[in-house]
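**Q** To start, I am sharing the structure in question, which I have written as C-alpha cells.
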Amino acid sequence: MPFTVLSQQIDLENSKTHFSKENLLKISGGLSANSVFYTGNEAYSRDPFTYYLTGSLNLNIMNLINTPFAFNFTNSGSNYTYPTMPNRFSLHPGYKWITGHFGDVSMNFSPYTLNGHLFTGVGIDIGASTFPLKVSAMYGRMQRAVEYGTGNPNAPVAYKRMGYGTKIRFEKPKYQIGTSIFMAKDDIKSLKWHPDSLLVFPQENLAVSLNGNIQLIDNMNLNAEYGMSFLNRDISKSEIQNSKFHAIRVLLGYIFMNNTIGIGYERIDPGYKTLGAYYFNNDLENITLNYARPFLKNKGSIALSGGLEHDDLEKTKESQTRRFIASANIGYAYSDELNFNLSYSSFQTYMNIKSQFDYINELTPYDNLDTLDYTQISKNISLSINYTFKKNETNIQNLNLNLSFQEAADKQGNIVPEGGSSLFSNASIAYGIQYLPQQINSNISFNISSTRMTGQNMLIIGPTFNIASPFFNKKLNTAFIASYNTNFVEGNNQSSVWNIRFNTGYVLLKKHRLNLNIAYRDNYAKLNHNKLATNGLTITTGYNYHF
C-alpha cells in the first residue's frame with residue numbers, strides 16, 4: 001500500500017540574492033529498500049516475507065523553491081481497503097514575517113480550541129520579531145465525508161466538516177496576552193444516508209480561549225488560560241441543543257536562590273469538547289506542586305512533586321475517583337568515577353462506588369460506609385549506582401548496579417483482601433569494558449526479577465552478553481547479543497528463552513549502506529504438564545542510498 005507525501009516551500013524574501021549558476025538547481029534525497037524473512041513455529045502469526053520501499057527527493061531551485069517528495073511502499077497490510085488513498089500535499093511560501101500554508105497542514109491555537117488537528121485548506125501566520133502583534137488564521141476541511149458500508153473499520157462513518165479560526169497575540173517583554181477563536185460545522189447533505197442508528201450526528205462547535213502571561217516580580221511568572229466551548233451535538237434537529245463548557249488553567253512559577261517552585265491548578269468541565277482536537281480529557285480538577293534545587297556545589301540535585309486530582313465535578317457519576325501522586329528524585333555525583341540516583345513515587349487512586357441497591361436497602365445513613373470504598377495504591381522506589389573503576393588511554397571499565405521495588409495493593413474500605421497485593425522487585429548488575437584504540441565495546445550483565453502476585457511467587461533470572469566492534473576504518477560495524485532467561489513459579493521451572501542476535505552494516509562509497517540483521521528465538525515452556533517448544537528465525541536485509 002503506497003503512502004505519498006508532497007510539500008513545497010518558497011522563500012520570497014531572499015529571492016534577489018540567490019540567482020547564480022551554482023545555485024540554479026540542487027538535488028538531494030535517498031532510497032531505502034528492506035525485506036524481512038521469517039520462519040518458525042511460534043504461536044503468533046507473522047508474514048513469511050515482507051518488504052518496504054521508501055524514498056525521498058528534494059529539488060531546490062535557486063534557493064527559492066523546495067519541492068520535497070517522499071513515498072513509502074510495502075506489502076504489509078495489503079489486505080486492507082481504504083476509501084481514499086492517504087496522499088498529502090502542502091505548500092508553505094514565506095515572505096519576511098508572513099508565512100502561508102496551503103494543502104494538508106495542521107496549526108496550533110490553544111489546547112481548548114484548535115490543537116494540532118489536520119485540515120485541508122489555507123492558513124497564514126503574520127508576526128515580526130520587532131512587532132508585538134502576532135496573528136494566525138485558517139480555513140479548511142477538518143474531515144472528509146465517509147459513507148456507510150465502505151468495508152474499512154479504520155474509516156468510520158463521518159460527515160464532511162469545515163472549520164475556520166484565528167489567533168491573536170500581543171507580546172511584550174514582561175507580559176503577553178492572546179485570544180483564539182475556532183468554529184467548525186458538519187455538512188448535513190454530505191452523506192446520502194444519515195446513520196442515526198450508529199449514533200453519528202452532524203455537529204457544530206464554537207470554541208474560544210483567552211490566555212496571558214505576566215511577570216509579577218523578578219523571577220516570578222503567572223500564566224493563565226480560560227477556555228469556553230459551545231457544542232451542538234445534532235444540528236439536524238430544529239431545536240438548538242447547544243451545550244456550554246468551561247476550562248481554566250493557572251500556573252505560577254518562582255525562582256529564588258537556586259530554588260524553583262511551581263504551583264498549578266486546572267479545571268475542565270464534564271463533557272468539554274472541541275472539534276479542533278482529536279482527543280480531550282475532561283471532567284477533572286487538579287492541583288500540582290513542584291520544587292527543585294541543586295546542592296553541595298551543584299554536585300547533587302533534588303526534585304519533588306505532588307498533586308491531587310478528582311473527577312465527577314457535577315456529582316452525576318455512579319463512582320467518583322480521586323488521585324494522589326507524589327514523587328521525589330535525588331541525584332548525586334560524588335566524583336567523576338562514582339554517582340548515584342535515587343527516586344521514589346507513590347500513586348494512590350480512591351474510588352467511591354455509589355450503589356443504588358445499597359442506597360435503597362440501607363436502614364440508617366451509617367450503613368455500607370466502607371463496603372464500596374476502593375483504593376488502589378502503588379509505590380515505586382529505585383536506586384542506580386555507576387562506578388568507573390579503571391580509566392586510561394587503552395580502556396574504560398565500569399560497573400553498574402540497578403535496584404527497583406514496586407508495591408501495589410487494592411484496598412476495599414481499610415482492608416486489603418487476600419490476593420489483593422503485589423510485590424515486584426528487580427536487581428541487575430552489569431560490567432562493561434571499552435577498548436579505546438580498537439573501539440570495541442562489550443558488556444555482560446545478570447538480571448533477577450521477583451514477583452509475588454495473586455498468591456504465587458515467580459522468579460526470572462538470566463544473563464545477557466553483547467559485543468560491538470567496527471572494522472575496515474569503521475566501514476563495517478558489527479554487533480552480537482545473546483541472552484538467556486529462565487522462569488520459576490513456586491520453585492518449579494516453567495519456561496526458558498534463548499535470544500541470539502547478530503547485526504552488521506557496511507558503508508560503500510560513503511553514500512551506500514548495506515544492512516543485515518539475524519535474530520533467533522528459542523522458547524521452552526511447560527503448559528498443563530505438557531512440554532511446548534517453539535522457535536523463530538527472522539532475517540532482515542536492507543539497502544540505503546543517500547545523495
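Residues are referred to by chain and number: the chain letter is A, B, ... according to the order shown in the C-alpha cells, the number counts from 1 in that chain, and ligands are numbered separately from 1 in the order shown.
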Could you make a table, as JSON lines, of the residues of region 232-263 of chain A that have an atom within 12 Å of an atom of region 283-287 of chain A, each with its nearest atom pair and distance in Å to one decimal, counting only C-alpha atoms, in chain and number order?
**A**
```
{"residue": "A:Phe245", "atom": "CA", "partner": "A:Asp283", "partner_atom": "CA", "distance": 10.3}
{"residue": "A:His246", "atom": "CA", "partner": "A:Asp283", "partner_atom": "CA", "distance": 10.3}
{"residue": "A:Ala247", "atom": "CA", "partner": "A:Asp283", "partner_atom": "CA", "distance": 9.7}
{"residue": "A:Ile248", "atom": "CA", "partner": "A:Glu285", "partner_atom": "CA", "distance": 9.6}
{"residue": "A:Arg249", "atom": "CA", "partner": "A:Asn286", "partner_atom": "CA", "distance": 9.6}
{"residue": "A:Val250", "atom": "CA", "partner": "A:Ile287", "partner_atom": "CA", "distance": 9.5}
{"residue": "A:Leu251", "atom": "CA", "partner": "A:Ile287", "partner_atom": "CA", "distance": 9.8}
{"residue": "A:Leu252", "atom": "CA", "partner": "A:Ile287", "partner_atom": "CA", "distance": 11.5}
{"residue": "A:Gly262", "atom": "CA", "partner": "A:Ile287", "partner_atom": "CA", "distance": 10.7}
{"residue": "A:Ile263", "atom": "CA", "partner": "A:Ile287", "partner_atom": "CA", "distance": 7.4}
```
**Q** Just the helix (DSSP H, G or I) stuff from region 80-275 of chain A, please, per backbone DSSP, written as a ChimeraX atom specification.
**A** /A:188-190,196-198
**Q** Store the residues picked out above, limited to N, CA and C atoms, as a JSON list (two decimals), in the first residue's frame.
**A**
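Final output, saved to out36.json:
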```json
[["chain", "number", "residue", "atom", "x", "y", "z"],
["A", 188, "ILE", "N", -24.71, 18.62, 6.62],
["A", 188, "ILE", "CA", -25.75, 17.59, 6.73],
["A", 188, "ILE", "C", -25.94, 16.87, 5.40],
["A", 189, "LYS", "N", -25.77, 17.57, 4.28],
["A", 189, "LYS", "CA", -26.02, 16.99, 2.97],
["A", 189, "LYS", "C", -24.83, 16.20, 2.42],
["A", 190, "SER", "N", -23.75, 16.08, 3.19],
["A", 190, "SER", "CA", -22.56, 15.39, 2.69],
["A", 190, "SER", "C", -22.71, 13.89, 2.69],
["A", 196, "ASP", "N", -28.27, 7.57, 11.82],
["A", 196, "ASP", "CA", -28.63, 7.86, 13.19],
["A", 196, "ASP", "C", -28.51, 6.63, 14.08],
["A", 197, "SER", "N", -28.74, 5.44, 13.51],
["A", 197, "SER", "CA", -28.66, 4.22, 14.31],
["A", 197, "SER", "C", -27.24, 3.95, 14.80],
["A", 198, "LEU", "N", -26.24, 4.54, 14.13],
["A", 198, "LEU", "CA", -24.84, 4.39, 14.56],
["A", 198, "LEU", "C", -24.43, 5.49, 15.52]]
```
**Q** As a PyMOL selection string, list the residues of region 240-341 of chain A assigned to strand (DSSP E or B) by DSSP on the backbone atoms of this structure.
**A** chain A and resi 242-256+259-268+276+284-295+300-310+319-333+338-341
**Q** Give me, please, the distance in Å between CA of Leu210 (chain A) and CA of Tyr112 (chain A), quoted to one decimal.
**A**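 According to the coordinates, CA of Leu210 (chain A) and CA of Tyr112 (chain A) are separated by 9.7 Å.
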**Q** Find the spatial neighbours of Asn258 (chain A), counting only C-alpha atoms, within a cut-off of 9 Å - ignore same-chain residues fewer than 6 positions away - and output them as a PDB file with all heavy atoms, in the first residue's frame.
**A**
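Saved file around12.pdb follows:
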```pdb
ATOM      1  N   ALA A 292      12.375  22.147  43.135  1.00  0.00           N
ATOM      2  CA  ALA A 292      13.667  21.599  42.708  1.00  0.00           C
ATOM      3  C   ALA A 292      14.775  22.562  43.083  1.00  0.00           C
ATOM      4  O   ALA A 292      14.566  23.792  43.092  1.00  0.00           O
ATOM      5  CB  ALA A 292      13.677  21.342  41.203  1.00  0.00           C
ATOM      6  N   ARG A 293      15.958  22.009  43.393  1.00  0.00           N
ATOM      7  CA  ARG A 293      17.138  22.841  43.638  1.00  0.00           C
ATOM      8  C   ARG A 293      18.399  21.981  43.615  1.00  0.00           C
ATOM      9  O   ARG A 293      18.360  20.780  43.919  1.00  0.00           O
ATOM     10  CB  ARG A 293      17.037  23.574  44.969  1.00  0.00           C
ATOM     11  CG  ARG A 293      17.140  22.724  46.217  1.00  0.00           C
ATOM     12  CD  ARG A 293      17.667  23.550  47.374  1.00  0.00           C
ATOM     13  NE  ARG A 293      19.010  24.032  47.113  1.00  0.00           N
ATOM     14  CZ  ARG A 293      19.494  25.176  47.600  1.00  0.00           C
ATOM     15  NH1 ARG A 293      18.740  25.966  48.347  1.00  0.00           N
ATOM     16  NH2 ARG A 293      20.733  25.560  47.333  1.00  0.00           N
ATOM     17  N   PRO A 294      19.536  22.556  43.244  1.00  0.00           N
ATOM     18  CA  PRO A 294      20.823  21.858  43.366  1.00  0.00           C
ATOM     19  C   PRO A 294      21.388  22.064  44.774  1.00  0.00           C
ATOM     20  O   PRO A 294      20.959  22.963  45.510  1.00  0.00           O
ATOM     21  CB  PRO A 294      21.682  22.555  42.309  1.00  0.00           C
ATOM     22  CG  PRO A 294      21.126  23.943  42.240  1.00  0.00           C
ATOM     23  CD  PRO A 294      19.659  23.837  42.534  1.00  0.00           C
ATOM     24  N   PHE A 295      22.366  21.227  45.155  1.00  0.00           N
ATOM     25  CA  PHE A 295      23.004  21.382  46.451  1.00  0.00           C
ATOM     26  C   PHE A 295      24.423  20.841  46.373  1.00  0.00           C
ATOM     27  O   PHE A 295      24.818  20.209  45.391  1.00  0.00           O
ATOM     28  CB  PHE A 295      22.199  20.679  47.557  1.00  0.00           C
ATOM     29  CG  PHE A 295      22.025  19.206  47.357  1.00  0.00           C
ATOM     30  CD1 PHE A 295      22.938  18.295  47.877  1.00  0.00           C
ATOM     31  CD2 PHE A 295      20.931  18.708  46.656  1.00  0.00           C
ATOM     32  CE1 PHE A 295      22.787  16.939  47.702  1.00  0.00           C
ATOM     33  CE2 PHE A 295      20.764  17.351  46.470  1.00  0.00           C
ATOM     34  CZ  PHE A 295      21.698  16.462  46.996  1.00  0.00           C
TER      35      PHE A 295
END
```
**Q** As JSON, numbers by chain, please: the residues near Asn205 (chain A) (cut-off 6 Å, only C-alpha atoms, same-chain neighbours under 2 positions excluded).
**A** {"A": [183, 184, 230, 231]}
**Q** Give me the residues within 9 Å of region 420-431 of chain A as a ChimeraX atom specification, counting only C-alpha atoms and dropping any in the same chain fewer than 2 places off.
**A** /A:397-411,416-418,433,442-455
**Q** Pull N, CA and C atoms from the residues just selected and write them as a compact mmCIF listing (two decimals), in the first residue's frame.
**A**
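Okay, this is what ended up in out-v4.txt:
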```
# COMPACT_ATOMS: atom_id res chain seq x y z
N GLN A 397 36.66 0.81 32.17
CA GLN A 397 35.87 -0.25 32.78
C GLN A 397 34.91 0.35 33.80
N ASN A 398 33.69 -0.11 33.78
CA ASN A 398 32.72 0.42 34.74
C ASN A 398 31.80 -0.68 35.22
N LEU A 399 31.18 -0.40 36.35
CA LEU A 399 30.25 -1.32 36.99
C LEU A 399 28.98 -0.56 37.29
N ASN A 400 27.84 -1.16 36.94
CA ASN A 400 26.55 -0.51 37.14
C ASN A 400 25.62 -1.43 37.90
N LEU A 401 24.95 -0.87 38.91
CA LEU A 401 24.01 -1.62 39.74
C LEU A 401 22.67 -0.91 39.74
N ASN A 402 21.60 -1.65 39.45
CA ASN A 402 20.25 -1.10 39.46
C ASN A 402 19.35 -1.95 40.34
N LEU A 403 18.65 -1.28 41.25
CA LEU A 403 17.70 -1.95 42.13
C LEU A 403 16.35 -1.23 42.02
N SER A 404 15.29 -1.97 41.96
CA SER A 404 13.96 -1.36 41.91
C SER A 404 12.97 -2.23 42.67
N PHE A 405 11.99 -1.55 43.25
CA PHE A 405 10.98 -2.24 44.05
C PHE A 405 9.65 -1.54 43.84
N GLN A 406 8.60 -2.33 43.63
CA GLN A 406 7.28 -1.78 43.45
C GLN A 406 6.27 -2.58 44.25
N GLU A 407 5.39 -1.86 44.90
CA GLU A 407 4.33 -2.49 45.68
C GLU A 407 2.99 -1.93 45.21
N ALA A 408 2.05 -2.81 44.95
CA ALA A 408 0.71 -2.41 44.54
C ALA A 408 -0.30 -3.14 45.40
N ALA A 409 -1.33 -2.43 45.81
CA ALA A 409 -2.35 -3.04 46.67
C ALA A 409 -3.71 -2.45 46.33
N ASP A 410 -4.72 -3.30 46.39
CA ASP A 410 -6.11 -2.89 46.21
C ASP A 410 -6.83 -3.01 47.54
N LYS A 411 -7.27 -1.89 48.08
CA LYS A 411 -7.95 -1.86 49.37
C LYS A 411 -9.43 -1.62 49.16
N VAL A 416 -7.11 -4.93 52.91
CA VAL A 416 -6.55 -5.48 51.68
C VAL A 416 -6.97 -6.93 51.59
N PRO A 417 -7.85 -7.31 50.65
CA PRO A 417 -8.32 -8.69 50.57
C PRO A 417 -7.19 -9.63 50.18
N GLU A 418 -7.39 -10.92 50.41
CA GLU A 418 -6.39 -11.92 50.06
C GLU A 418 -6.14 -11.91 48.56
N ILE A 433 33.32 -2.99 29.47
CA ILE A 433 34.68 -2.57 29.16
C ILE A 433 34.72 -2.06 27.73
N SER A 442 32.09 -4.05 25.00
CA SER A 442 31.49 -5.31 25.44
C SER A 442 30.85 -5.10 26.80
N ASN A 443 29.82 -5.92 27.06
CA ASN A 443 29.07 -5.77 28.30
C ASN A 443 28.48 -7.12 28.67
N ILE A 444 28.57 -7.46 29.94
CA ILE A 444 27.92 -8.65 30.45
C ILE A 444 27.12 -8.27 31.69
N SER A 445 25.90 -8.77 31.77
CA SER A 445 25.03 -8.40 32.88
C SER A 445 24.24 -9.60 33.35
N PHE A 446 23.73 -9.48 34.57
CA PHE A 446 22.91 -10.55 35.15
C PHE A 446 21.71 -9.89 35.80
N ASN A 447 20.54 -10.47 35.52
CA ASN A 447 19.29 -9.85 35.96
C ASN A 447 18.45 -10.84 36.77
N ILE A 448 17.85 -10.34 37.85
CA ILE A 448 16.95 -11.13 38.68
C ILE A 448 15.67 -10.33 38.89
N SER A 449 14.54 -10.94 38.58
CA SER A 449 13.23 -10.31 38.79
C SER A 449 12.36 -11.24 39.61
N SER A 450 11.78 -10.69 40.67
CA SER A 450 10.93 -11.46 41.55
C SER A 450 9.56 -10.83 41.62
N THR A 451 8.53 -11.66 41.56
CA THR A 451 7.15 -11.18 41.57
C THR A 451 6.32 -12.04 42.51
N ARG A 452 5.56 -11.38 43.37
CA ARG A 452 4.57 -12.08 44.19
C ARG A 452 3.20 -11.48 43.87
N MET A 453 2.36 -12.27 43.23
CA MET A 453 1.08 -11.76 42.76
C MET A 453 0.06 -12.89 42.79
N THR A 454 -1.15 -12.54 43.24
CA THR A 454 -2.26 -13.50 43.33
C THR A 454 -1.84 -14.78 44.06
N GLY A 455 -1.06 -14.59 45.11
CA GLY A 455 -0.67 -15.73 45.94
C GLY A 455 0.42 -16.59 45.37
```
**Q** Counting only C-alpha atoms, figure out which residue out of A:Asn211, A:Asn530, A:Asn457, A:Asn517 gets nearest to Phe488 (chain A).
**A**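 When distances to Phe488 (chain A) are compared using only C-alpha atoms, the smallest one comes from A:Asn457.
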**Q** Taking 6 positions as the minimum chain separation for residues in the same chain, which residues sit within 9 Å of region 122-126 of chain A when counting only C-alpha atoms? Answer as JSON, numbers by chain.
**A** {"A": [97, 98, 99, 100, 101, 102, 103, 104, 105, 106, 107, 133, 134, 135, 136, 137, 138, 139, 140]}
**Q** Take the residues from that selection and put them in a file with N, CA, C and O atoms, as a PDB file, in the first residue's frame.
**A**
```
ATOM      1  N   TRP A  97       8.036  38.405   7.374  1.00  0.00           N
ATOM      2  CA  TRP A  97       7.383  37.897   8.586  1.00  0.00           C
ATOM      3  C   TRP A  97       5.982  37.348   8.297  1.00  0.00           C
ATOM      4  O   TRP A  97       5.153  37.242   9.201  1.00  0.00           O
ATOM      5  N   ILE A  98       5.758  36.939   7.042  1.00  0.00           N
ATOM      6  CA  ILE A  98       4.480  36.337   6.663  1.00  0.00           C
ATOM      7  C   ILE A  98       4.733  34.935   6.111  1.00  0.00           C
ATOM      8  O   ILE A  98       5.572  34.754   5.241  1.00  0.00           O
ATOM      9  N   THR A  99       4.023  33.945   6.644  1.00  0.00           N
ATOM     10  CA  THR A  99       4.126  32.571   6.173  1.00  0.00           C
ATOM     11  C   THR A  99       2.733  32.048   5.854  1.00  0.00           C
ATOM     12  O   THR A  99       1.812  32.166   6.664  1.00  0.00           O
ATOM     13  N   GLY A 100       2.600  31.481   4.664  1.00  0.00           N
ATOM     14  CA  GLY A 100       1.324  30.913   4.260  1.00  0.00           C
ATOM     15  C   GLY A 100       1.354  29.400   4.302  1.00  0.00           C
ATOM     16  O   GLY A 100       2.423  28.777   4.222  1.00  0.00           O
ATOM     17  N   HIS A 101       0.189  28.800   4.433  1.00  0.00           N
ATOM     18  CA  HIS A 101       0.057  27.339   4.461  1.00  0.00           C
ATOM     19  C   HIS A 101      -1.071  26.950   3.514  1.00  0.00           C
ATOM     20  O   HIS A 101      -2.190  27.439   3.646  1.00  0.00           O
ATOM     21  N   PHE A 102      -0.772  26.061   2.582  1.00  0.00           N
ATOM     22  CA  PHE A 102      -1.768  25.602   1.620  1.00  0.00           C
ATOM     23  C   PHE A 102      -1.691  24.079   1.510  1.00  0.00           C
ATOM     24  O   PHE A 102      -0.613  23.508   1.454  1.00  0.00           O
ATOM     25  N   GLY A 103      -2.841  23.432   1.481  1.00  0.00           N
ATOM     26  CA  GLY A 103      -2.882  21.978   1.329  1.00  0.00           C
ATOM     27  C   GLY A 103      -3.257  21.290   2.619  1.00  0.00           C
ATOM     28  O   GLY A 103      -4.141  21.729   3.343  1.00  0.00           O
ATOM     29  N   ASP A 104      -2.560  20.187   2.932  1.00  0.00           N
ATOM     30  CA  ASP A 104      -2.826  19.401   4.134  1.00  0.00           C
ATOM     31  C   ASP A 104      -1.848  19.825   5.226  1.00  0.00           C
ATOM     32  O   ASP A 104      -0.675  19.433   5.204  1.00  0.00           O
ATOM     33  N   VAL A 105      -2.322  20.600   6.170  1.00  0.00           N
ATOM     34  CA  VAL A 105      -1.455  21.158   7.199  1.00  0.00           C
ATOM     35  C   VAL A 105      -2.175  21.081   8.545  1.00  0.00           C
ATOM     36  O   VAL A 105      -3.364  20.757   8.631  1.00  0.00           O
ATOM     37  N   SER A 106      -1.454  21.395   9.609  1.00  0.00           N
ATOM     38  CA  SER A 106      -2.030  21.490  10.945  1.00  0.00           C
ATOM     39  C   SER A 106      -1.478  22.730  11.623  1.00  0.00           C
ATOM     40  O   SER A 106      -0.336  23.130  11.373  1.00  0.00           O
ATOM     41  N   MET A 107      -2.283  23.334  12.497  1.00  0.00           N
ATOM     42  CA  MET A 107      -1.887  24.527  13.219  1.00  0.00           C
ATOM     43  C   MET A 107      -2.328  24.392  14.680  1.00  0.00           C
ATOM     44  O   MET A 107      -3.260  23.639  14.997  1.00  0.00           O
ATOM     45  N   LEU A 133       2.509  42.455  17.856  1.00  0.00           N
ATOM     46  CA  LEU A 133       1.254  41.819  17.467  1.00  0.00           C
ATOM     47  C   LEU A 133       1.519  40.635  16.543  1.00  0.00           C
ATOM     48  O   LEU A 133       2.207  40.760  15.535  1.00  0.00           O
ATOM     49  N   LYS A 134       0.951  39.459  16.889  1.00  0.00           N
ATOM     50  CA  LYS A 134       1.055  38.250  16.076  1.00  0.00           C
ATOM     51  C   LYS A 134      -0.360  37.782  15.739  1.00  0.00           C
ATOM     52  O   LYS A 134      -1.242  37.749  16.609  1.00  0.00           O
ATOM     53  N   VAL A 135      -0.570  37.392  14.469  1.00  0.00           N
ATOM     54  CA  VAL A 135      -1.894  36.964  14.013  1.00  0.00           C
ATOM     55  C   VAL A 135      -1.763  35.687  13.202  1.00  0.00           C
ATOM     56  O   VAL A 135      -0.858  35.555  12.373  1.00  0.00           O
ATOM     57  N   SER A 136      -2.641  34.742  13.458  1.00  0.00           N
ATOM     58  CA  SER A 136      -2.728  33.498  12.678  1.00  0.00           C
ATOM     59  C   SER A 136      -4.184  33.257  12.316  1.00  0.00           C
ATOM     60  O   SER A 136      -5.092  33.636  13.067  1.00  0.00           O
ATOM     61  N   ALA A 137      -4.409  32.621  11.176  1.00  0.00           N
ATOM     62  CA  ALA A 137      -5.772  32.316  10.738  1.00  0.00           C
ATOM     63  C   ALA A 137      -5.746  31.075   9.869  1.00  0.00           C
ATOM     64  O   ALA A 137      -4.718  30.726   9.280  1.00  0.00           O
ATOM     65  N   MET A 138      -6.904  30.373   9.800  1.00  0.00           N
ATOM     66  CA  MET A 138      -7.012  29.163   8.988  1.00  0.00           C
ATOM     67  C   MET A 138      -8.442  28.971   8.515  1.00  0.00           C
ATOM     68  O   MET A 138      -9.397  29.467   9.103  1.00  0.00           O
ATOM     69  N   TYR A 139      -8.563  28.226   7.406  1.00  0.00           N
ATOM     70  CA  TYR A 139      -9.862  27.807   6.891  1.00  0.00           C
ATOM     71  C   TYR A 139      -9.657  26.538   6.091  1.00  0.00           C
ATOM     72  O   TYR A 139      -8.719  26.448   5.282  1.00  0.00           O
ATOM     73  N   GLY A 140     -10.513  25.531   6.324  1.00  0.00           N
ATOM     74  CA  GLY A 140     -10.360  24.310   5.556  1.00  0.00           C
ATOM     75  C   GLY A 140     -11.279  23.202   6.018  1.00  0.00           C
ATOM     76  O   GLY A 140     -12.090  23.365   6.936  1.00  0.00           O
TER      77      GLY A 140
END
```
